[in-house]
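Undergrad: See protein.cif below, with mmCIF, C-alpha atoms.
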data_query
loop_
_atom_site.group_PDB
_atom_site.id
_atom_site.type_symbol
_atom_site.label_atom_id
_atom_site.label_comp_id
_atom_site.auth_asym_id
_atom_site.auth_seq_id
_atom_site.Cartn_x
_atom_site.Cartn_y
_atom_site.Cartn_z
ATOM 1 C CA MET A 564 111.128 99.237 121.405
ATOM 2 C CA ASN A 565 113.572 96.374 121.932
ATOM 3 C CA TYR A 566 113.880 93.936 119.044
ATOM 4 C CA ASP A 567 114.754 90.245 119.184
ATOM 5 C CA LEU A 568 115.136 89.445 115.492
ATOM 6 C CA ILE A 569 116.058 91.033 112.149
ATOM 7 C CA ALA A 570 114.939 89.380 108.898
ATOM 8 C CA LEU A 571 116.973 90.287 105.818
ATOM 9 C CA ASP A 572 115.904 89.793 102.235
ATOM 10 C CA LEU A 573 118.844 89.041 99.911
ATOM 11 C CA ASP A 574 118.451 90.316 96.334
ATOM 12 C CA GLY A 575 118.104 94.084 96.279
ATOM 13 C CA THR A 576 118.597 94.234 100.046
ATOM 14 C CA ALA A 577 121.491 92.421 101.737
ATOM 15 C CA LEU A 578 123.158 91.796 98.357
ATOM 16 C CA SER A 579 124.569 94.574 96.212
ATOM 17 C CA SER A 580 123.769 94.819 92.520
ATOM 18 C CA ASN A 581 126.653 92.452 91.743
ATOM 19 C CA ASN A 582 125.301 89.826 94.194
ATOM 20 C CA GLU A 583 127.906 90.482 96.873
ATOM 21 C CA VAL A 584 127.513 90.896 100.641
ATOM 22 C CA GLN A 585 129.015 94.260 101.557
ATOM 23 C CA ASN A 586 131.523 94.499 104.395
ATOM 24 C CA SER A 587 129.295 97.056 106.099
ATOM 25 C CA THR A 588 126.513 94.441 106.248
ATOM 26 C CA ILE A 589 128.833 91.805 107.716
ATOM 27 C CA GLU A 590 129.999 94.235 110.397
ATOM 28 C CA ALA A 591 126.453 95.345 111.248
ATOM 29 C CA VAL A 592 125.208 91.750 111.496
ATOM 30 C CA ARG A 593 128.107 90.900 113.814
ATOM 31 C CA TRP A 594 127.346 93.958 115.951
ATOM 32 C CA ALA A 595 123.625 93.138 116.173
ATOM 33 C CA ARG A 596 124.239 89.517 117.116
ATOM 34 C CA GLY A 597 126.721 90.665 119.724
ATOM 35 C CA ARG A 598 123.833 92.563 121.323
ATOM 36 C CA GLY A 599 121.768 89.352 121.459
ATOM 37 C CA VAL A 600 119.596 90.091 118.396
ATOM 38 C CA ARG A 601 119.062 87.212 115.985
ATOM 39 C CA VAL A 602 119.652 87.980 112.300
ATOM 40 C CA VAL A 603 118.087 85.626 109.751
ATOM 41 C CA VAL A 604 117.987 85.522 105.969
ATOM 42 C CA SER A 605 114.506 85.648 104.415
ATOM 43 C CA THR A 606 114.721 85.183 100.661
ATOM 44 C CA GLY A 607 113.122 83.876 97.513
ATOM 45 C CA ARG A 608 116.194 81.752 96.878
ATOM 46 C CA ILE A 609 116.438 78.038 97.662
ATOM 47 C CA CYS A 610 117.866 76.876 101.004
ATOM 48 C CA GLY A 611 121.290 76.039 99.558
ATOM 49 C CA GLU A 612 121.760 79.517 98.115
ATOM 50 C CA ALA A 613 120.297 81.201 101.191
ATOM 51 C CA ALA A 614 122.663 79.225 103.415
ATOM 52 C CA GLU A 615 125.687 80.292 101.402
ATOM 53 C CA PHE A 616 124.902 83.987 101.771
ATOM 54 C CA SER A 617 123.794 83.571 105.386
ATOM 55 C CA CYS A 618 127.210 82.147 106.228
ATOM 56 C CA LYS A 619 129.001 84.916 104.308
ATOM 57 C CA MET A 620 127.276 87.627 106.324
ATOM 58 C CA GLY A 621 127.583 85.762 109.638
ATOM 59 C CA ALA A 622 123.841 85.507 110.244
ATOM 60 C CA ASP A 623 122.047 83.008 112.488
ATOM 61 C CA ASP A 624 121.512 79.414 111.388
ATOM 62 C CA PHE A 625 117.773 79.697 110.646
ATOM 63 C CA ILE A 626 116.590 80.581 107.126
ATOM 64 C CA VAL A 627 113.306 81.546 105.481
ATOM 65 C CA ALA A 628 113.697 80.470 101.842
ATOM 66 C CA SER A 629 111.798 79.960 98.569
ATOM 67 C CA GLY A 630 109.707 83.086 99.144
ATOM 68 C CA GLY A 631 108.380 81.773 102.449
ATOM 69 C CA ALA A 632 107.604 78.272 101.181
ATOM 70 C CA THR A 633 110.360 76.710 103.293
ATOM 71 C CA LEU A 634 112.141 77.035 106.619
ATOM 72 C CA GLY A 635 115.627 75.613 106.885
ATOM 73 C CA THR A 636 119.032 75.872 108.479
ATOM 74 C CA ALA A 637 122.324 77.069 107.048
ATOM 75 C CA ALA A 638 124.295 74.305 108.762
ATOM 76 C CA ASP A 639 122.801 71.443 106.724
ATOM 77 C CA ARG A 640 121.453 73.535 103.810
ATOM 78 C CA ARG A 641 118.143 71.667 103.933
ATOM 79 C CA CYS A 642 114.515 72.497 104.687
ATOM 80 C CA TYR A 643 112.802 71.221 107.815
ATOM 81 C CA THR A 644 109.398 72.782 107.006
ATOM 82 C CA ARG A 645 107.815 73.019 103.539
ATOM 83 C CA LEU A 646 104.647 74.791 102.423
ATOM 84 C CA SER A 647 104.571 73.242 98.966
ATOM 85 C CA MET A 648 102.031 73.878 96.207
ATOM 86 C CA PRO A 649 99.294 71.354 95.444
ATOM 87 C CA TRP A 650 100.619 68.934 92.828
ATOM 88 C CA GLU A 651 98.164 69.507 89.972
ATOM 89 C CA PRO A 652 98.302 73.342 89.962
ATOM 90 C CA SER A 653 102.098 73.253 90.108
ATOM 91 C CA VAL A 654 102.219 70.963 87.050
ATOM 92 C CA ARG A 655 99.836 73.254 85.147
ATOM 93 C CA ALA A 656 101.865 76.335 86.094
ATOM 94 C CA ALA A 657 105.160 74.735 85.050
ATOM 95 C CA ALA A 658 103.623 73.681 81.735
ATOM 96 C CA ILE A 659 102.455 77.247 81.034
ATOM 97 C CA LEU A 660 105.883 78.698 81.777
ATOM 98 C CA GLU A 661 107.559 76.197 79.486
ATOM 99 C CA ARG A 662 104.965 76.686 76.757
ATOM 100 C CA VAL A 663 105.402 80.466 76.606
ATOM 101 C CA GLY A 664 109.175 80.018 76.485
ATOM 102 C CA LEU A 665 110.294 81.472 79.815
ATOM 103 C CA THR A 666 113.478 80.239 81.462
ATOM 104 C CA THR A 667 112.129 78.403 84.489
ATOM 105 C CA MET A 668 113.317 76.692 87.668
ATOM 106 C CA ALA A 669 111.328 74.495 90.059
ATOM 107 C CA TYR A 670 112.399 74.420 93.717
ATOM 108 C CA LEU A 671 111.872 71.013 95.328
ATOM 109 C CA ASP A 672 113.234 70.769 98.868
ATOM 110 C CA GLY A 673 117.019 70.980 98.365
ATOM 111 C CA GLU A 674 116.979 70.676 94.571
ATOM 112 C CA ILE A 675 116.342 72.968 91.608
ATOM 113 C CA PHE A 676 114.939 71.368 88.441
ATOM 114 C CA VAL A 677 115.858 73.103 85.166
ATOM 115 C CA THR A 678 115.773 72.186 81.484
ATOM 116 C CA PRO A 679 119.020 72.311 79.458
ATOM 117 C CA TYR A 680 117.861 75.612 77.897
ATOM 118 C CA SER A 681 117.049 77.160 81.272
ATOM 119 C CA ASP A 682 120.246 75.801 82.776
ATOM 120 C CA PHE A 683 122.268 77.608 80.113
ATOM 121 C CA ALA A 684 120.342 80.855 80.672
ATOM 122 C CA PHE A 685 120.519 80.837 84.464
ATOM 123 C CA THR A 686 124.195 79.865 84.712
ATOM 124 C CA GLN A 687 125.089 83.007 82.792
ATOM 125 C CA TYR A 688 124.502 84.932 86.021
ATOM 126 C CA LYS A 689 123.968 82.372 88.822
ATOM 127 C CA THR A 690 127.460 81.059 89.501
ATOM 128 C CA ASN A 691 127.295 80.698 93.273
ATOM 129 C CA GLU A 692 127.941 77.322 94.871
ATOM 130 C CA GLY A 693 124.462 77.062 96.388
ATOM 131 C CA PHE A 694 122.833 77.143 92.951
ATOM 132 C CA LEU A 695 125.356 74.914 91.174
ATOM 133 C CA ASN A 696 125.141 72.209 93.858
ATOM 134 C CA SER A 697 121.330 72.252 93.891
ATOM 135 C CA LYS A 698 120.440 72.092 90.201
ATOM 136 C CA VAL A 699 119.165 68.956 88.448
ATOM 137 C CA VAL A 700 118.849 69.127 84.650
ATOM 138 C CA VAL A 701 115.706 67.459 83.217
ATOM 139 C CA ASP A 702 114.162 67.426 79.740
ATOM 140 C CA SER A 703 110.975 69.102 80.984
ATOM 141 C CA VAL A 704 110.288 70.540 84.428
ATOM 142 C CA ALA A 705 106.528 70.060 84.055
ATOM 143 C CA GLU A 706 106.928 66.452 82.914
ATOM 144 C CA ALA A 707 109.404 65.625 85.684
ATOM 145 C CA VAL A 708 107.066 67.010 88.352
ATOM 146 C CA ALA A 709 104.024 65.313 86.793
ATOM 147 C CA THR A 710 105.463 61.839 86.291
ATOM 148 C CA ARG A 711 107.290 61.707 89.623
ATOM 149 C CA HIS A 712 104.466 63.332 91.629
ATOM 150 C CA LEU A 713 106.916 65.724 93.262
ATOM 151 C CA PRO A 714 105.827 68.498 95.666
ATOM 152 C CA VAL A 715 107.051 71.858 94.350
ATOM 153 C CA ASP A 716 107.947 74.641 96.777
ATOM 154 C CA LYS A 717 108.319 77.383 94.177
ATOM 155 C CA LEU A 718 108.510 78.037 90.446
ATOM 156 C CA PHE A 719 110.759 80.852 89.301
ATOM 157 C CA CYS A 720 111.048 82.308 85.807
ATOM 158 C CA ARG A 721 113.006 85.188 84.356
ATOM 159 C CA SER A 722 112.871 87.309 81.193
ATOM 160 C CA LYS A 723 113.816 90.775 79.997
ATOM 161 C CA ASN A 724 110.631 90.760 77.910
ATOM 162 C CA THR A 725 108.080 92.502 80.140
ATOM 163 C CA MET A 726 105.188 91.740 77.780
ATOM 164 C CA LEU A 727 106.024 88.037 77.933
ATOM 165 C CA LEU A 728 106.072 88.165 81.728
ATOM 166 C CA GLN A 729 102.754 90.004 81.847
ATOM 167 C CA ASN A 730 101.187 87.458 79.512
ATOM 168 C CA ALA A 731 102.496 84.565 81.585
ATOM 169 C CA ARG A 732 101.264 86.183 84.808
ATOM 170 C CA GLY A 733 97.782 86.553 83.354
ATOM 171 C CA LEU A 734 97.715 82.864 82.417
ATOM 172 C CA LEU A 735 99.085 81.763 85.785
ATOM 173 C CA GLU A 736 96.612 83.832 87.792
ATOM 174 C CA GLY A 737 93.816 81.807 86.206
ATOM 175 C CA ILE A 738 95.026 78.679 88.033
ATOM 176 C CA GLU A 739 93.481 77.967 91.438
ATOM 177 C CA GLY A 740 95.805 76.704 94.140
ATOM 178 C CA ILE A 741 98.822 78.942 93.424
ATOM 179 C CA ARG A 742 99.912 82.534 94.098
ATOM 180 C CA VAL A 743 101.947 84.628 91.646
ATOM 181 C CA MET A 744 104.323 87.378 92.760
ATOM 182 C CA SER A 745 107.626 88.964 91.776
ATOM 183 C CA SER A 746 110.949 89.799 93.405
ATOM 184 C CA ALA A 747 112.134 92.069 90.544
ATOM 185 C CA GLU A 748 110.850 93.553 87.303
ATOM 186 C CA ASP A 749 112.408 90.734 85.278
ATOM 187 C CA ASN A 750 110.889 87.712 87.050
ATOM 188 C CA LEU A 751 107.835 85.872 88.322
ATOM 189 C CA GLU A 752 107.546 83.561 91.333
ATOM 190 C CA VAL A 753 104.825 80.977 91.876
ATOM 191 C CA VAL A 754 104.125 79.540 95.357
ATOM 192 C CA ALA A 755 101.269 78.072 97.359
ATOM 193 C CA PRO A 756 98.530 80.591 98.331
ATOM 194 C CA TYR A 757 99.382 80.131 102.011
ATOM 195 C CA ALA A 758 103.170 80.509 101.551
ATOM 196 C CA ASP A 759 104.736 83.915 102.089
ATOM 197 C CA LYS A 760 107.640 85.376 104.017
ATOM 198 C CA GLY A 761 105.393 86.847 106.690
ATOM 199 C CA THR A 762 103.743 83.515 107.500
ATOM 200 C CA ALA A 763 107.064 81.678 107.529
ATOM 201 C CA LEU A 764 108.728 84.329 109.685
ATOM 202 C CA GLY A 765 105.835 84.104 112.139
ATOM 203 C CA MET A 766 106.374 80.350 112.386
ATOM 204 C CA LEU A 767 110.075 80.914 113.009
ATOM 205 C CA CYS A 768 109.415 83.555 115.678
ATOM 206 C CA MET A 769 107.179 81.090 117.531
ATOM 207 C CA GLN A 770 109.927 78.457 117.395
ATOM 208 C CA LEU A 771 112.418 80.970 118.782
ATOM 209 C CA GLY A 772 110.118 82.121 121.584
ATOM 210 C CA THR A 773 109.529 85.643 120.324
ATOM 211 C CA SER A 774 106.891 87.493 118.291
ATOM 212 C CA LEU A 775 106.612 89.309 114.985
ATOM 213 C CA GLU A 776 105.963 92.522 116.915
ATOM 214 C CA ARG A 777 109.554 92.315 118.211
ATOM 215 C CA ALA A 778 111.000 91.744 114.733
ATOM 216 C CA ILE A 779 112.550 94.048 112.140
ATOM 217 C CA ALA A 780 112.245 93.088 108.463
ATOM 218 C CA ILE A 781 114.197 94.741 105.651
ATOM 219 C CA GLY A 782 113.192 94.273 102.018
ATOM 220 C CA ASP A 783 112.705 95.853 98.613
ATOM 221 C CA SER A 784 110.180 93.999 96.425
ATOM 222 C CA GLU A 785 106.700 92.511 96.046
ATOM 223 C CA ASN A 786 107.614 89.205 97.665
ATOM 224 C CA ASP A 787 108.600 91.125 100.838
ATOM 225 C CA LEU A 788 105.233 92.831 101.318
ATOM 226 C CA GLU A 789 103.647 90.224 103.604
ATOM 227 C CA MET A 790 106.800 90.031 105.726
ATOM 228 C CA LEU A 791 106.999 93.787 106.171
ATOM 229 C CA ALA A 792 103.285 94.036 106.924
ATOM 230 C CA ALA A 793 103.625 91.365 109.628
ATOM 231 C CA VAL A 794 106.520 92.740 111.708
ATOM 232 C CA GLY A 795 106.734 95.467 114.270
ATOM 233 C CA MET A 796 109.330 97.432 112.299
ATOM 234 C CA PRO A 797 109.099 97.238 108.491
ATOM 235 C CA VAL A 798 112.075 98.748 106.663
ATOM 236 C CA ALA A 799 112.296 99.553 102.946
ATOM 237 C CA MET A 800 115.531 99.849 101.024
ATOM 238 C CA GLY A 801 116.181 103.097 99.139
ATOM 239 C CA ASN A 802 115.871 101.107 95.904
ATOM 240 C CA ALA A 803 112.589 99.467 96.985
ATOM 241 C CA ASP A 804 109.363 99.129 95.041
ATOM 242 C CA PRO A 805 107.001 102.051 95.864
ATOM 243 C CA ARG A 806 104.533 99.587 97.394
ATOM 244 C CA VAL A 807 107.205 98.458 99.838
ATOM 245 C CA LYS A 808 108.094 102.025 100.745
ATOM 246 C CA GLY A 809 104.395 102.686 101.249
ATOM 247 C CA ILE A 810 104.133 100.280 104.200
ATOM 248 C CA ALA A 811 107.594 100.912 105.693
ATOM 249 C CA ARG A 812 108.117 102.750 108.949
ATOM 250 C CA TYR A 813 111.730 103.484 108.042
ATOM 251 C CA ILE A 814 113.401 103.927 104.635
ATOM 252 C CA THR A 815 117.138 103.330 104.515
ATOM 253 C CA ALA A 816 119.841 103.769 101.868
ATOM 254 C CA ASP A 817 119.945 101.530 98.798
ATOM 255 C CA ASN A 818 121.583 98.107 98.516
ATOM 256 C CA ASN A 819 124.792 99.512 97.020
ATOM 257 C CA HIS A 820 125.325 102.113 99.731
ATOM 258 C CA GLY A 821 125.107 100.271 103.042
ATOM 259 C CA GLY A 822 121.341 100.414 103.490
ATOM 260 C CA VAL A 823 121.145 97.296 105.649
ATOM 261 C CA ALA A 824 123.911 98.479 107.979
ATOM 262 C CA GLN A 825 122.350 101.951 108.243
ATOM 263 C CA ALA A 826 119.001 100.472 109.250
ATOM 264 C CA ILE A 827 120.455 98.069 111.795
ATOM 265 C CA TYR A 828 122.507 100.725 113.555
ATOM 266 C CA HIS A 829 119.675 103.261 113.523
ATOM 267 C CA LEU A 830 116.977 100.924 114.830
ATOM 268 C CA LEU A 831 119.120 99.249 117.471
ATOM 269 C CA GLY A 832 120.350 102.596 118.780
ATOM 270 C CA LYS A 833 124.016 102.703 117.905
ATOM 271 C CA ASP A 834 125.404 106.225 118.380
#
Show the structure stored in the file as structure tokens.
TA:
Amino acid sequence: MNYDLIALDLDGTALSSNNEVQNSTIEAVRWARGRGVRVVVSTGRICGEAAEFSCKMGADDFIVASGGATLGTAADRRCYTRLSMPWEPSVRAAAILERVGLTTMAYLDGEIFVTPYSDFAFTQYKTNEGFLNSKVVVDSVAEAVATRHLPVDKLFCRSKNTMLLQNARGLLEGIEGIRVMSSAEDNLEVVAPYADKGTALGMLCMQLGTSLERAIAIGDSENDLEMLAAVGMPVAMGNADPRVKGIARYITADNNHGGVAQAIYHLLGKD
């Protein structure tokens, strides 16, 4: 099978455990693009962050971001297509996350809304330019979204307290008009029911004149499931969630040992 496009998740996939793009990934992306294969980032991160890492690895300009809620380009670090949540459910979801005390971000086009408390928590580990240039500090995310009637692309919260996350997920799943998923054991993501990486990647393939059947997708977590199920060649990282490995046609090395490069070379037939 000849492939036209490779979609790369970031966290746990194209990024190592210390949030770096490995040299092996950069070299493999360059090699693949030299063979005429498009390589695009498909991530839960906002467009600005996705663009930063896309440029570092030398990928194509197009980006699937916010867990499939947006399509954008690395060149202008903005979204040109948004699959935002309905306003009322997004306000209710943000209010729940704030009420239970989770550090929370709201993705709104090219901006990230955070409270001062959440800003302090997230900046302990998110120091990349894409995040710092996108964040807007507000007293309350739920209140800011409610009073300004802003369309929210994604809500993201993080905690090391698994019981707190489970409790919050149970409350969120009682709200109609949203979908709850996760990209790691320590977080929750909230998007529109019709927004996922598979849907967004399908839209991008149509724009580029190809099909999902001629695409490779590489991922590791729950928010990659729809994308992997949609493409012709689903690839799971060695560190992937068992559910991801269960639908993969190829399992590569983990994100700290050149898994992305191994998969690219193997599937595109490099000796």
Undergrad: Could the residues of segment 701-738 of chain A that have an atom at most 10 Å from segment 600-610 of chain A be listed as CSV, each with its closest atom pair and the distance in Å to one decimal, counting only C-alpha atoms and ordered by chain and ascending residue number?
TA:
residue,atom,partner,partner_atom,distance
A:Asp716,CA,A:Ile609,CA,9.2
A:Lys717,CA,A:Gly607,CA,8.7
A:Phe719,CA,A:Gly607,CA,9.1
Undergrad: Pick the closest to His820 of chain A from A:Tyr680, A:Pro649, A:Asp702, A:Gly801: which is it, counting all atoms listed in the file?
TA: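 Between A:Tyr680, A:Pro649, A:Asp702, A:Gly801, the residue approaching His820 of chain A most closely is A:Gly801.
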Undergrad: Can you list, as a ChimeraX atom specification, the residues that the PyMOL selection byres ((chain A and resi 775) around 7) selects here?
TA: /A:765,768,774,776-778,793-795
Undergrad: May I have the selected residues written with C-alpha atoms, as a short mmCIF file (atom, residue, chain, number, x, y, z; two decimals), in the coordinates of the input?
TA:
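And here is the file that came out, again35.cif:
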data_model
loop_
_atom_site.label_atom_id
_atom_site.label_comp_id
_atom_site.auth_asym_id
_atom_site.auth_seq_id
_atom_site.Cartn_x
_atom_site.Cartn_y
_atom_site.Cartn_z
CA GLY A 765 105.84 84.10 112.14
CA CYS A 768 109.42 83.56 115.68
CA SER A 774 106.89 87.49 118.29
CA GLU A 776 105.96 92.52 116.92
CA ARG A 777 109.55 92.32 118.21
CA ALA A 778 111.00 91.74 114.73
CA ALA A 793 103.62 91.36 109.63
CA VAL A 794 106.52 92.74 111.71
CA GLY A 795 106.73 95.47 114.27
#
Undergrad: Just the number, please: distance in Å from atom CA of Cys642 of chain A to atom CA of Asn586 of chain A, one decimal.
TA: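 A separation of 27.8 Å between them.
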Undergrad: Show me, as a list in words, the residues that have an atom within 10 Å of Leu830 of chain A when counting only C-alpha atoms, minus same-chain residues fewer than 5 positions from it.
TA: Met564, Asn565, Tyr566, Ile779, Met796, Val798, Tyr813 and Gln825 of chain A
Undergrad: Which residue out of A:Ala632, A:Ala657, A:Ala595, A:Val663 has the minimum interatomic distance to Ala707 of chain A when all atoms listed in the file are used?
TA: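 Selected residue with least distance to Ala707 of chain A: A:Ala657.
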Undergrad: Just add N, CA and C atoms to segment 654-684 of chain A and send it as a tab-separated table (two decimals), in the coordinates of the input.
TA:
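In the end it all went to part32.tsv:
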chain	number	residue	atom	x	y	z
A	654	VAL	N	101.94	71.54	88.37
A	654	VAL	CA	102.22	70.96	87.05
A	654	VAL	C	101.67	71.88	85.96
A	655	ARG	N	100.44	72.37	86.14
A	655	ARG	CA	99.84	73.25	85.15
A	655	ARG	C	100.64	74.55	85.01
A	656	ALA	N	101.09	75.10	86.13
A	656	ALA	CA	101.86	76.33	86.09
A	656	ALA	C	103.20	76.13	85.39
A	657	ALA	N	103.88	75.02	85.70
A	657	ALA	CA	105.16	74.74	85.05
A	657	ALA	C	104.98	74.55	83.56
A	658	ALA	N	103.89	73.90	83.16
A	658	ALA	CA	103.62	73.68	81.74
A	658	ALA	C	103.39	75.00	81.01
A	659	ILE	N	102.69	75.94	81.64
A	659	ILE	CA	102.46	77.25	81.03
A	659	ILE	C	103.77	77.98	80.84
A	660	LEU	N	104.61	77.98	81.86
A	660	LEU	CA	105.88	78.70	81.78
A	660	LEU	C	106.78	78.12	80.68
A	661	GLU	N	106.77	76.81	80.55
A	661	GLU	CA	107.56	76.20	79.49
A	661	GLU	C	106.95	76.48	78.12
A	662	ARG	N	105.63	76.49	78.04
A	662	ARG	CA	104.96	76.69	76.76
A	662	ARG	C	105.19	78.10	76.21
A	663	VAL	N	105.20	79.10	77.09
A	663	VAL	CA	105.40	80.47	76.61
A	663	VAL	C	106.88	80.79	76.40
A	664	GLY	N	107.75	79.87	76.78
A	664	GLY	CA	109.18	80.02	76.48
A	664	GLY	C	110.00	80.75	77.51
A	665	LEU	N	109.53	80.81	78.76
A	665	LEU	CA	110.29	81.47	79.82
A	665	LEU	C	111.32	80.52	80.42
A	666	THR	N	112.50	81.04	80.73
A	666	THR	CA	113.48	80.24	81.46
A	666	THR	C	112.94	80.02	82.86
A	667	THR	N	112.87	78.77	83.28
A	667	THR	CA	112.13	78.40	84.49
A	667	THR	C	112.92	77.45	85.37
A	668	MET	N	112.77	77.62	86.68
A	668	MET	CA	113.32	76.69	87.67
A	668	MET	C	112.19	76.24	88.59
A	669	ALA	N	112.25	75.00	89.04
A	669	ALA	CA	111.33	74.50	90.06
A	669	ALA	C	112.14	74.15	91.30
A	670	TYR	N	111.72	74.69	92.45
A	670	TYR	CA	112.40	74.42	93.72
A	670	TYR	C	111.69	73.26	94.41
A	671	LEU	N	112.43	72.20	94.69
A	671	LEU	CA	111.87	71.01	95.33
A	671	LEU	C	112.78	70.62	96.48
A	672	ASP	N	112.43	71.03	97.69
A	672	ASP	CA	113.23	70.77	98.87
A	672	ASP	C	114.64	71.33	98.63
A	673	GLY	N	115.65	70.49	98.55
A	673	GLY	CA	117.02	70.98	98.36
A	673	GLY	C	117.48	70.98	96.93
A	674	GLU	N	116.58	70.76	95.98
A	674	GLU	CA	116.98	70.68	94.57
A	674	GLU	C	116.27	71.72	93.72
A	675	ILE	N	116.92	72.09	92.62
A	675	ILE	CA	116.34	72.97	91.61
A	675	ILE	C	116.29	72.20	90.29
A	676	PHE	N	115.09	72.02	89.74
A	676	PHE	CA	114.94	71.37	88.44
A	676	PHE	C	114.96	72.43	87.34
A	677	VAL	N	115.78	72.20	86.32
A	677	VAL	CA	115.86	73.10	85.17
A	677	VAL	C	115.99	72.27	83.90
A	678	THR	N	115.54	72.83	82.78
A	678	THR	CA	115.77	72.19	81.48
A	678	THR	C	117.17	72.59	81.00
A	679	PRO	N	117.71	71.90	79.99
A	679	PRO	CA	119.02	72.31	79.46
A	679	PRO	C	119.03	73.77	79.00
A	680	TYR	N	117.95	74.22	78.35
A	680	TYR	CA	117.86	75.61	77.90
A	680	TYR	C	117.89	76.57	79.08
A	681	SER	N	117.09	76.29	80.10
A	681	SER	CA	117.05	77.16	81.27
A	681	SER	C	118.35	77.11	82.05
A	682	ASP	N	118.96	75.94	82.10
A	682	ASP	CA	120.25	75.80	82.78
A	682	ASP	C	121.28	76.73	82.14
A	683	PHE	N	121.32	76.74	80.83
A	683	PHE	CA	122.27	77.61	80.11
A	683	PHE	C	121.99	79.07	80.43
A	684	ALA	N	120.71	79.46	80.43
A	684	ALA	CA	120.34	80.86	80.67
A	684	ALA	C	120.67	81.29	82.10
